[in-house]
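Student: Got a file for you: final_32.pdb, PDB, C-alpha atoms.
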ATOM      1  CA  MET A 815       0.000   0.000   0.000
ATOM      2  CA  ARG A 816       1.301   3.421  -0.922
ATOM      3  CA  GLU A 817       1.933   5.830   1.901
ATOM      4  CA  ALA A 818      -0.636   8.331   0.640
ATOM      5  CA  LEU A 819      -3.344   5.655   0.549
ATOM      6  CA  PHE A 820      -2.318   4.420   4.004
ATOM      7  CA  ILE A 821      -2.672   7.950   5.385
ATOM      8  CA  LYS A 822      -5.976   8.584   3.625
ATOM      9  CA  LYS A 823      -7.399   5.348   4.985
ATOM     10  CA  ASN A 824      -6.445   6.023   8.613
ATOM     11  CA  ALA A 825      -6.079   9.814   9.021
ATOM     12  CA  GLN A 826      -9.616  10.356  10.307
ATOM     13  CA  LYS A 827      -9.129   7.662  12.951
ATOM     14  CA  TRP A 828      -5.801   9.110  14.093
ATOM     15  CA  ASN A 829      -7.249  12.615  14.314
ATOM     16  CA  GLU A 830     -10.075  11.260  16.419
ATOM     17  CA  TYR A 831      -7.600   9.575  18.762
ATOM     18  CA  GLN A 832      -5.629  12.789  19.060
ATOM     19  CA  TYR A 833      -8.419  15.330  19.561
ATOM     20  CA  LEU A 834     -11.328  13.258  20.940
ATOM     21  CA  GLN A 835      -9.784  11.628  23.968
ATOM     22  CA  THR A 836     -11.636   9.080  26.062
ATOM     23  CA  GLU A 837     -11.628   8.084  29.728
ATOM     24  CA  ASP A 838     -13.076   4.640  29.075
ATOM     25  CA  PRO A 839     -10.259   2.168  29.864
ATOM     26  CA  ASP A 840     -11.566  -0.474  27.422
ATOM     27  CA  GLN A 841     -11.815   2.022  24.591
ATOM     28  CA  MET A 842      -8.396   3.400  25.481
ATOM     29  CA  ALA A 843      -6.914  -0.116  25.342
ATOM     30  CA  ASP A 844      -8.521  -0.761  21.957
ATOM     31  CA  ARG A 845      -7.079   2.466  20.603
ATOM     32  CA  PHE A 846      -3.639   1.579  21.922
ATOM     33  CA  ILE A 847      -3.692  -1.871  20.296
ATOM     34  CA  THR A 848      -4.891  -0.385  17.008
ATOM     35  CA  LEU A 849      -2.128   2.206  17.042
ATOM     36  CA  LEU A 850       0.476  -0.465  17.721
ATOM     37  CA  ASP A 851      -0.714  -2.357  14.636
ATOM     38  CA  ASP A 852      -0.581   0.800  12.519
ATOM     39  CA  LEU A 853       2.816   1.716  13.941
ATOM     40  CA  SER A 854       4.216  -1.729  13.161
ATOM     41  CA  TYR A 855       3.037  -1.422   9.560
ATOM     42  CA  ALA A 856       4.363   2.118   9.196
ATOM     43  CA  LYS A 857       7.770   1.216  10.618
ATOM     44  CA  THR A 858       8.022  -1.674   8.194
ATOM     45  CA  PHE A 859       7.157   0.236   4.995
ATOM     46  CA  TYR A 860       7.707   3.916   5.869
ATOM     47  CA  PRO A 861      10.374   3.873   8.620
ATOM     48  CA  HIS A 862      11.552   7.467   8.044
ATOM     49  CA  SER A 863       8.183   9.045   7.352
ATOM     50  CA  LYS A 864       6.553  11.787   9.396
ATOM     51  CA  VAL A 865       3.402   9.707   9.661
ATOM     52  CA  THR A 866       5.382   7.020  11.514
ATOM     53  CA  ARG A 867       6.506   9.584  14.070
ATOM     54  CA  TRP A 868       2.927  10.858  14.390
ATOM     55  CA  ILE A 869       1.517   7.398  15.088
ATOM     56  CA  ASN A 870       4.305   6.763  17.571
ATOM     57  CA  SER A 871       3.524   9.987  19.438
ATOM     58  CA  LEU A 872      -0.161   9.035  19.645
ATOM     59  CA  ALA A 873       0.697   5.602  21.045
ATOM     60  CA  VAL A 874       3.093   7.109  23.592
ATOM     61  CA  SER A 875       0.436   9.609  24.683
ATOM     62  CA  ILE A 876      -2.124   6.858  25.360
ATOM     63  CA  TYR A 877       0.470   4.706  27.117
ATOM     64  CA  GLN A 878       1.386   7.559  29.459
ATOM     65  CA  THR A 879      -2.280   8.255  30.154
ATOM     66  CA  ILE A 880      -2.774   4.633  31.173
ATOM     67  CA  TYR A 881       0.311   4.262  33.340
ATOM     68  CA  GLN A 882       1.313   7.653  34.709
ATOM     69  CA  ASN A 883      -1.261   7.608  37.520
ATOM     70  CA  ARG A 884      -1.201   3.888  38.186
ATOM     71  CA  LYS A 885      -0.675   3.173  41.859
ATOM     72  CA  GLN A 886       2.459   1.173  42.535
ATOM     73  CA  ARG A 887       2.319  -1.581  45.068
ATOM     74  CA  PHE A 888       4.879  -1.725  47.836
ATOM     75  CA  SER A 889       6.132  -4.925  46.241
ATOM     76  CA  ARG A 890       7.414  -2.764  43.360
ATOM     77  CA  LEU A 891      10.065  -1.403  45.706
ATOM     78  CA  ILE A 892      11.038  -4.918  46.719
ATOM     79  CA  THR A 893      11.312  -6.150  43.132
ATOM     80  CA  PHE A 894      13.495  -3.142  42.295
ATOM     81  CA  TRP A 895      16.106  -4.174  44.862
ATOM     82  CA  GLN A 896      15.615  -7.899  44.355
ATOM     83  CA  TYR A 897      15.619  -8.113  40.562
ATOM     84  CA  GLU A 898      15.612  -4.854  38.613
ATOM     85  CA  LEU A 899      18.753  -3.204  40.008
ATOM     86  CA  PRO A 900      20.950  -6.344  39.976
ATOM     87  CA  LEU A 901      19.925  -7.190  36.395
ATOM     88  CA  MET A 902      20.485  -3.622  35.264
ATOM     89  CA  PHE A 903      23.901  -3.543  36.948
ATOM     90  CA  ARG A 904      24.785  -6.858  35.302
ATOM     91  CA  LYS A 905      24.678  -5.084  31.933
ATOM     92  CA  HIS A 906      27.485  -2.840  33.132
ATOM     93  CA  HIS A 907      29.723  -5.420  34.799
ATOM     94  CA  ARG A 908      32.476  -4.893  32.242
ATOM     95  CA  MET A 909      32.487  -1.162  32.935
ATOM     96  CA  PHE A 910      32.497  -1.898  36.675
ATOM     97  CA  LEU A 911      35.558  -4.136  36.249
ATOM     98  CA  TYR A 912      37.402  -1.460  34.287
ATOM     99  CA  THR A 913      36.502   1.158  36.892
ATOM    100  CA  PHE A 914      37.733  -1.055  39.732
ATOM    101  CA  LEU A 915      41.039  -1.754  37.953
ATOM    102  CA  PHE A 916      41.416   1.969  37.298
ATOM    103  CA  PHE A 917      40.900   2.642  41.014
ATOM    104  CA  VAL A 918      43.597   0.086  41.904
ATOM    105  CA  LEU A 919      45.969   1.816  39.484
ATOM    106  CA  LEU A 920      45.256   5.279  40.893
ATOM    107  CA  PHE A 921      45.490   3.998  44.482
ATOM    108  CA  ALA A 922      48.912   2.532  43.669
ATOM    109  CA  MET A 923      49.943   5.821  42.083
ATOM    110  CA  GLY A 924      49.011   7.629  45.291
ATOM    111  CA  VAL A 925      51.079   5.194  47.366
ATOM    112  CA  LEU A 926      54.126   5.265  45.065
ATOM    113  CA  SER A 927      54.056   9.050  44.748
ATOM    114  CA  SER A 928      53.974   9.343  48.556
ATOM    115  CA  ILE A 929      56.938   6.987  48.837
ATOM    116  CA  LYS A 930      58.975   8.952  46.290
ATOM    117  CA  ASP A 931      58.100  12.421  47.609
ATOM    118  CA  ASP A 932      57.711  13.175  51.328
ATOM    119  CA  GLN A 933      55.731  16.318  50.518
ATOM    120  CA  PHE A 934      53.224  14.564  48.287
ATOM    121  CA  VAL A 935      50.995  13.492  51.181
ATOM    122  CA  LYS A 936      50.841  17.056  52.498
ATOM    123  CA  GLY A 937      50.041  18.342  49.027
ATOM    124  CA  VAL A 938      47.149  15.908  48.636
ATOM    125  CA  LEU A 939      45.709  15.818  52.167
ATOM    126  CA  GLY A 940      46.690  19.305  53.293
ATOM    127  CA  GLU A 941      49.428  20.333  55.715
ATOM    128  CA  ASP A 942      46.999  21.043  58.562
ATOM    129  CA  TYR A 943      45.412  17.584  58.382
ATOM    130  CA  VAL A 944      48.785  15.821  58.252
ATOM    131  CA  ALA A 945      50.076  17.912  61.169
ATOM    132  CA  MET A 946      46.972  17.105  63.221
ATOM    133  CA  THR A 947      47.342  13.376  62.513
ATOM    134  CA  GLU A 948      51.028  13.404  63.479
ATOM    135  CA  GLU A 949      50.152  15.228  66.690
ATOM    136  CA  ASN A 950      47.491  12.624  67.520
ATOM    137  CA  ILE A 951      50.020   9.833  66.915
ATOM    138  CA  GLU A 952      52.454  11.463  69.333
ATOM    139  CA  LYS A 953      49.708  11.726  71.966
ATOM    140  CA  GLY A 954      48.928   8.009  71.610
ATOM    141  CA  ASP A 955      45.588   8.539  69.844
ATOM    142  CA  PRO A 956      46.434   8.045  66.139
ATOM    143  CA  PHE A 957      42.803   8.005  65.000
ATOM    144  CA  GLY A 958      41.596  10.819  67.210
ATOM    145  CA  VAL A 959      40.084  12.615  64.227
ATOM    146  CA  TYR A 960      37.121  10.237  64.432
ATOM    147  CA  SER A 961      36.240  11.413  67.947
ATOM    148  CA  SER A 962      36.684  15.131  67.432
ATOM    149  CA  GLU A 963      32.995  15.926  66.795
ATOM    150  CA  SER A 964      29.587  14.849  68.081
ATOM    151  CA  ARG A 965      28.444  11.547  66.626
ATOM    152  CA  PHE A 966      25.179  12.728  65.087
ATOM    153  CA  ALA A 967      26.621  15.906  63.569
ATOM    154  CA  MET A 968      29.477  13.904  62.098
ATOM    155  CA  TRP A 969      27.035  11.349  60.654
ATOM    156  CA  VAL A 970      24.900  14.000  58.945
ATOM    157  CA  LEU A 971      27.858  15.958  57.559
ATOM    158  CA  ILE A 972      29.685  12.896  56.238
ATOM    159  CA  ALA A 973      26.532  11.440  54.655
ATOM    160  CA  TYR A 974      25.668  14.763  53.006
ATOM    161  CA  ASN A 975      29.192  15.272  51.674
ATOM    162  CA  ASN A 976      29.523  11.733  50.313
ATOM    163  CA  ILE A 977      26.098  11.821  48.648
ATOM    164  CA  LYS A 978      27.004  15.153  47.066
ATOM    165  CA  VAL A 979      30.353  13.867  45.795
ATOM    166  CA  GLY A 980      28.678  10.725  44.476
ATOM    167  CA  PHE A 981      26.056  12.735  42.600
ATOM    168  CA  LEU A 982      28.751  14.984  41.103
ATOM    169  CA  MET A 983      30.693  11.919  39.994
ATOM    170  CA  VAL A 984      27.654  10.469  38.245
ATOM    171  CA  ALA A 985      26.547  13.797  36.750
ATOM    172  CA  GLY A 986      30.099  14.362  35.515
ATOM    173  CA  GLY A 987      29.396  11.729  32.890
ATOM    174  CA  ILE A 988      27.371  14.319  30.973
ATOM    175  CA  LEU A 989      30.681  16.088  30.229
ATOM    176  CA  PHE A 990      31.771  13.049  28.206
ATOM    177  CA  GLY A 991      33.132  11.504  31.413
ATOM    178  CA  ILE A 992      35.647  14.283  32.095
ATOM    179  CA  GLY A 993      33.895  15.397  35.286
ATOM    180  CA  THR A 994      33.647  11.808  36.532
ATOM    181  CA  LEU A 995      37.282  11.173  35.704
ATOM    182  CA  TYR A 996      38.461  14.272  37.563
ATOM    183  CA  VAL A 997      36.552  13.552  40.797
ATOM    184  CA  PHE A 998      37.433   9.859  40.701
ATOM    185  CA  PHE A 999      41.099  10.554  39.964
ATOM    186  CA  THR A1000      41.574  13.030  42.803
ATOM    187  CA  ASN A1001      39.725  10.905  45.373
ATOM    188  CA  SER A1002      41.522   7.681  44.441
ATOM    189  CA  ILE A1003      44.949   9.318  44.637
ATOM    190  CA  MET A1004      43.993  10.837  47.999
ATOM    191  CA  ILE A1005      42.914   7.462  49.382
ATOM    192  CA  GLY A1006      46.230   5.891  48.386
ATOM    193  CA  SER A1007      48.202   8.697  50.017
ATOM    194  CA  PHE A1008      46.025   8.617  53.117
ATOM    195  CA  GLN A1009      46.536   4.877  53.589
ATOM    196  CA  TYR A1010      50.302   5.162  53.011
ATOM    197  CA  MET A1011      50.588   7.851  55.676
ATOM    198  CA  PHE A1012      49.620   5.366  58.386
ATOM    199  CA  PHE A1013      51.802   2.559  57.038
ATOM    200  CA  ALA A1014      54.742   4.968  57.016
ATOM    201  CA  LYS A1015      54.120   5.638  60.723
ATOM    202  CA  GLY A1016      53.984   1.916  61.557
ATOM    203  CA  LEU A1017      50.194   1.961  61.976
ATOM    204  CA  GLY A1018      49.219   0.311  58.694
ATOM    205  CA  TRP A1019      47.239  -2.696  59.861
ATOM    206  CA  GLN A1020      45.718  -0.779  62.735
ATOM    207  CA  SER A1021      44.492   1.789  60.227
ATOM    208  CA  VAL A1022      42.964  -0.977  58.084
ATOM    209  CA  LEU A1023      40.976  -2.258  61.069
ATOM    210  CA  VAL A1024      39.761   1.256  61.862
ATOM    211  CA  ILE A1025      39.350   3.076  58.551
ATOM    212  CA  TRP A1026      38.059   0.218  56.426
ATOM    213  CA  ILE A1027      35.173  -0.491  58.795
ATOM    214  CA  HIS A1028      33.365   2.318  57.004
ATOM    215  CA  GLY A1029      35.772   2.600  54.079
ATOM    216  CA  THR A1030      34.745  -0.736  52.573
ATOM    217  CA  LEU A1031      31.223   0.509  51.846
ATOM    218  CA  GLU A1032      32.273   4.101  51.221
ATOM    219  CA  ILE A1033      35.013   3.345  48.707
ATOM    220  CA  ALA A1034      33.030   0.570  47.012
ATOM    221  CA  GLY A1035      30.210   3.084  46.635
ATOM    222  CA  MET A1036      32.619   5.595  45.119
ATOM    223  CA  ILE A1037      33.817   3.041  42.552
ATOM    224  CA  ILE A1038      30.232   2.120  41.640
ATOM    225  CA  GLU A1039      29.276   5.809  41.332
ATOM    226  CA  ALA A1040      32.229   6.369  39.020
ATOM    227  CA  CYS A1041      31.085   3.360  37.012
ATOM    228  CA  ALA A1042      27.648   4.998  36.692
ATOM    229  CA  GLY A1043      29.275   8.214  35.466
ATOM    230  CA  PHE A1044      31.265   6.311  32.846
ATOM    231  CA  VAL A1045      28.091   4.460  31.788
ATOM    232  CA  LEU A1046      26.457   7.833  31.177
ATOM    233  CA  ALA A1047      29.478   9.063  29.224
ATOM    234  CA  ARG A1048      29.528   5.905  27.107
ATOM    235  CA  SER A1049      25.852   6.355  26.234
ATOM    236  CA  ILE A1050      26.760   9.714  24.696
ATOM    237  CA  LEU A1051      30.016   8.773  23.007
ATOM    238  CA  PHE A1052      29.098   5.276  21.806
ATOM    239  CA  PRO A1053      25.330   5.025  21.178
ATOM    240  CA  GLY A1054      25.669   1.759  19.261
ATOM    241  CA  THR A1055      22.539   0.840  17.318
ATOM    242  CA  PHE A1056      20.430   3.486  19.089
ATOM    243  CA  THR A1057      20.159   7.114  18.140
ATOM    244  CA  ARG A1058      22.369   9.291  20.332
ATOM    245  CA  TRP A1059      19.356  10.826  22.090
ATOM    246  CA  VAL A1060      17.765   7.457  22.870
ATOM    247  CA  SER A1061      21.113   6.087  24.047
ATOM    248  CA  PHE A1062      21.612   9.155  26.253
ATOM    249  CA  LYS A1063      18.188   8.728  27.885
ATOM    250  CA  ARG A1064      18.927   5.073  28.560
ATOM    251  CA  GLY A1065      22.298   6.002  30.042
ATOM    252  CA  VAL A1066      20.772   8.660  32.295
ATOM    253  CA  LYS A1067      18.132   6.211  33.509
ATOM    254  CA  ASP A1068      20.671   3.524  34.405
ATOM    255  CA  ALA A1069      23.154   5.972  35.950
ATOM    256  CA  MET A1070      20.536   7.618  38.159
ATOM    257  CA  LYS A1071      19.169   4.257  39.299
ATOM    258  CA  ILE A1072      22.669   3.297  40.407
ATOM    259  CA  CYS A1073      23.213   6.682  42.059
ATOM    260  CA  VAL A1074      19.935   6.608  44.002
ATOM    261  CA  SER A1075      20.405   2.971  45.029
ATOM    262  CA  LEU A1076      23.733   3.848  46.649
ATOM    263  CA  ILE A1077      22.240   6.481  48.957
ATOM    264  CA  PRO A1078      21.289   3.946  51.687
ATOM    265  CA  ILE A1079      24.776   2.407  51.466
ATOM    266  CA  THR A1080      26.368   5.849  51.737
ATOM    267  CA  ILE A1081      24.236   6.705  54.783
ATOM    268  CA  LEU A1082      25.165   3.382  56.404
ATOM    269  CA  ALA A1083      28.871   3.992  55.714
ATOM    270  CA  ALA A1084      28.570   7.446  57.318
ATOM    271  CA  PHE A1085      26.864   5.878  60.341
ATOM    272  CA  LEU A1086      29.675   3.351  60.726
ATOM    273  CA  GLU A1087      32.265   6.115  60.457
ATOM    274  CA  SER A1088      30.540   8.310  63.023
ATOM    275  CA  TYR A1089      29.616   5.683  65.598
ATOM    276  CA  ILE A1090      31.482   2.407  65.046
ATOM    277  CA  THR A1091      34.801   3.635  63.665
ATOM    278  CA  ARG A1092      35.045   5.930  66.684
ATOM    279  CA  LEU A1093      34.813   2.929  69.034
ATOM    280  CA  SER A1094      37.217   0.905  66.914
ATOM    281  CA  SER A1095      39.780   3.719  66.969
ATOM    282  CA  ASN A1096      39.691   3.659  70.762
ATOM    283  CA  ALA A1097      41.310   0.219  70.666
ATOM    284  CA  PHE A1098      44.544   2.013  69.775
ATOM    285  CA  ASP A1099      44.002   5.002  72.082
ATOM    286  CA  LYS A1100      46.129   4.566  75.181
ATOM    287  CA  THR A1101      44.063   7.119  77.098
ATOM    288  CA  THR A1102      40.752   5.206  77.147
ATOM    289  CA  ASN A1103      39.444   1.752  77.988
ATOM    290  CA  THR A1104      36.196   2.045  75.985
ATOM    291  CA  SER A1105      36.717   0.406  72.617
ATOM    292  CA  LEU A1106      35.332  -2.044  70.092
ATOM    293  CA  PRO A1107      36.973  -5.485  70.233
ATOM    294  CA  VAL A1108      39.188  -6.202  67.237
ATOM    295  CA  PRO A1109      37.283  -9.390  66.222
ATOM    296  CA  ILE A1110      34.088  -7.347  65.886
ATOM    297  CA  SER A1111      35.917  -4.776  63.742
ATOM    298  CA  ILE A1112      37.144  -7.569  61.476
ATOM    299  CA  SER A1113      33.624  -9.025  61.293
ATOM    300  CA  ILE A1114      32.063  -5.696  60.252
ATOM    301  CA  LEU A1115      34.747  -5.198  57.618
ATOM    302  CA  ALA A1116      34.281  -8.735  56.269
ATOM    303  CA  VAL A1117      30.468  -8.511  56.174
ATOM    304  CA  SER A1118      30.656  -5.180  54.312
ATOM    305  CA  PHE A1119      33.055  -6.598  51.741
ATOM    306  CA  LEU A1120      31.008  -9.771  51.237
ATOM    307  CA  PHE A1121      27.805  -7.746  50.831
ATOM    308  CA  ILE A1122      29.307  -5.633  48.036
ATOM    309  CA  LEU A1123      30.810  -8.685  46.349
ATOM    310  CA  TRP A1124      27.559 -10.661  46.577
ATOM    311  CA  TYR A1125      24.979  -8.003  45.672
ATOM    312  CA  PHE A1126      26.853  -6.221  42.891
ATOM    313  CA  VAL A1127      28.874  -9.071  41.378
ATOM    314  CA  ILE A1128      27.837 -12.640  42.235
ATOM    315  CA  TYR A1129      24.065 -12.244  42.650
ATOM    316  CA  PRO A1130      23.496 -10.421  39.313
ATOM    317  CA  MET A1131      25.419 -13.154  37.490
ATOM    318  CA  ARG A1132      23.433 -15.935  39.175
ATOM    319  CA  LEU A1133      20.177 -14.095  38.540
ATOM    320  CA  GLU A1134      20.956 -13.711  34.844
ATOM    321  CA  LYS A1135      21.900 -17.393  34.606
ATOM    322  CA  ARG A1136      18.638 -18.458  36.252
ATOM    323  CA  ILE A1137      16.600 -16.300  33.874
ATOM    324  CA  LYS A1138      18.267 -17.969  30.890
ATOM    325  CA  THR A1139      17.695 -21.494  32.209
ATOM    326  CA  ASP A1140      14.288 -21.130  33.877
ATOM    327  CA  PRO A1141      11.593 -19.729  31.521
ATOM    328  CA  ALA A1142       8.929 -19.720  34.248
ATOM    329  CA  PHE A1143      11.122 -17.638  36.540
ATOM    330  CA  ALA A1144      12.021 -15.309  33.679
ATOM    331  CA  GLU A1145       8.355 -14.747  32.854
ATOM    332  CA  LYS A1146       7.591 -14.067  36.499
ATOM    333  CA  ILE A1147      10.155 -11.297  37.032
ATOM    334  CA  LEU A1148      10.251  -9.813  33.544
ATOM    335  CA  ALA A1149       6.496  -9.604  33.071
TER     336      ALA A1149
END
Could you render the structure as structure tokens?

Tutor:
Amino acid sequence: MREALFIKKNAQKWNEYQYLQTEDPDQMADRFITLLDDLSYAKTFYPHSKVTRWINSLAVSIYQTIYQNRKQRFSRLITFWQYELPLMFRKHHRMFLYTFLFFVLLFAMGVLSSIKDDQFVKGVLGEDYVAMTEENIEKGDPFGVYSSESRFAMWVLIAYNNIKVGFLMVAGGILFGIGTLYVFFTNSIMIGSFQYMFFAKGLGWQSVLVIWIHGTLEIAGMIIEACAGFVLARSILFPGTFTRWVSFKRGVKDAMKICVSLIPITILAAFLESYITRLSSNAFDKTTNTSLPVPISISILAVSFLFILWYFVIYPMRLEKRIKTDPAFAEKILA
């Protein structure tokens, strides 16, 4: 059928759908199914025609009318964490691996630069912070910085700052990844220098037991946020078979899902830093007897690490495998 005849045959119907809207759900469903049939035909024979775009816009309008005010059950939140987020993150596992390896490289650069240049640590962390840490070490309280403020105020400030940095890292992907790269680069180098500072003072393993109680979740979150930023950048630079605009929208959607999902983890990491790390640091403070036993510190660190490894790496892979091998399960969660 020629395009002109196709338009003449259906134009009155499409105009009716556009200008004479209905609230009847059955009629709305019939219109939507009819438009999908017309759209399928138009895409097959007139893929670049204006009429194809018109039919598509009509179908989208009806779809949004049906679903935009639909009440979501509480189970929707559960399925997001249980299935949707892990499966979505599975698509970006390769990018996550590259981001993690990049972090290891930058961390090593921070350590090696600190070894080669005594002033590097001060340049990265600031002379005042280094001087304060050295003073605390001399007083026998090497991790006194974690008990210098009230617990609640410290929790709120750390959570706010880390959420802000995480959002900036993700949003930096819009600048073709340059913003993400800059924030990730500076923070990774700083972490390497910060860790070396304690090893250089003979407090390396003590610092691991103290700092990584919260650092395991915090730094893992930073790596995942950087991964989200790079996912966004890739959607712009390498759209693949999609148009650049469609690819960009998909990238934004995935990146923001990752960013928002990390907020609870960031808040938990801030809580551990404000309340638990403080107690753990007291184990190496010679002026107090109130401290967290070392085995508990190790347990918290191990549980945090295993959670990240399971939820963001192992579980998505097992979930994908089950979907491919169990059609009934796939239909249940992908419906």

Student: Let me make sure I understand: among A:Ser1002, A:Gln1020, A:Thr1030, A:Gln896, which one has the smallest atom-to-atom distance to A:Phe916 if we use only C-alpha atoms?

Tutor: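 Ranked by minimum distance to A:Phe916, first place goes to A:Ser1002.
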
Student: Determine the residue set returned by the PyMOL selection byres ((chain A and resi 848-857) around 10) for the present structure, and present it as number ranges by chain.

Tutor: A: 817, 820-821, 824, 827-828, 831, 842-847, 858-874, 876

Student: At what distance in Å, to one decimal, does atom CA of A:Phe1121 lie from atom CA of A:Cys1073?

Tutor: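 Interatomic distance, atom CA of A:Cys1073 to atom CA of A:Phe1121: 17.5 Å.
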
Student: What does the PyMOL selection byres ((chain A and resi 928) around 12) select in this file, as a VMD selection string?

Tutor: chain A and resid 921 to 927 929 to 939 1003 to 1014

Student: For A:Phe917, which of A:Val979, A:Ser875, A:Ala825, A:Cys1041 is the closest residue, counting all atoms listed in the file?

Tutor: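 So, comparing all the options, the nearest one is A:Cys1041.
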
Student: Would you compute the distance between atom CA of A:Ala1040 and atom CA of A:Lys1138? Give it in Å to one decimal.

Tutor: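 Distance reported for this atom pair: 29.2 Å.
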
Student: Return as AutoDock Vina command-line options the box centre and box size in Å, one decimal, for an axis-aligned box around all listed atoms of stretch 1002-1013 of chain A padded by 6 Å per side.

Tutor:
--center_x 46.7 --center_y 6.7 --center_z 51.4 --size_x 22.3 --size_y 20.3 --size_z 25.9

Student: Between atom CA of A:Phe966 and atom CA of A:Ile1114, measure the distance and give it in Å to one decimal.

Tutor: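 Atom CA of A:Ile1114 lies at a distance of 20.3 Å from atom CA of A:Phe966.
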
Student: Quick one: everything within 7 Å of A:Leu901, counting all atoms listed in the file, minus sequence neighbours fewer than 4 positions away in the same chain. Send it as a ChimeraX atom specification.

Tutor: /A:897,905,1130,1134

Student: Convert the output of the PyMOL selection byres ((chain A and resi 1108) around 8) on the shown file into explicit residues, formatted as a compact mmCIF listing (two decimals) with C-alpha atoms, in the coordinates of the input.

Tutor:
# COMPACT_ATOMS: atom_id res chain seq x y z
CA LEU A 1023 40.98 -2.26 61.07
CA SER A 1094 37.22 0.90 66.91
CA ALA A 1097 41.31 0.22 70.67
CA LEU A 1106 35.33 -2.04 70.09
CA PRO A 1107 36.97 -5.48 70.23
CA PRO A 1109 37.28 -9.39 66.22
CA ILE A 1110 34.09 -7.35 65.89
CA SER A 1111 35.92 -4.78 63.74
CA ILE A 1112 37.14 -7.57 61.48

Student: Using only C-alpha atoms, which residue out of A:Tyr833, A:Ile1081, A:Val1045, A:Ser1088 lies closest to A:Val984?

Tutor: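 Using only C-alpha atoms, the shortest distance to A:Val984 belongs to A:Val1045.
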
Student: Starting from the point (29.6, -0.2, 33.1), work out which residues of protein, DNA or RNA have an atom no more than 10 Å away when counting only C-alpha atoms; state them as a PyMOL selection string.

Tutor: chain A and resi 902-913+1038+1040-1046+1048+1068-1069

Student: Compare A:Glu830, A:Asp942, A:Glu1032, A:Glu949 by their minimum atom-to-atom distance to A:Phe1085, counting only C-alpha atoms, and give me the closest one.

Tutor: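 Looking at the shortest contact to A:Phe1085, the residue is A:Glu1032.
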
Student: Using all atoms listed in the file for the distances, tell me which of A:Leu1086, A:Glu1039, A:Gly1018, A:Val918 is nearest to A:Ala985.

Tutor: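 Comparing A:Leu1086, A:Glu1039, A:Gly1018, A:Val918 against A:Ala985, the winner is A:Glu1039.
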
Student: From the options A:Phe1056, A:Lys1063, A:Ala1084, A:Ala1144, which residue's atoms come nearest to A:Arg965, counting all atoms listed in the file?

Tutor: A:Ala1084
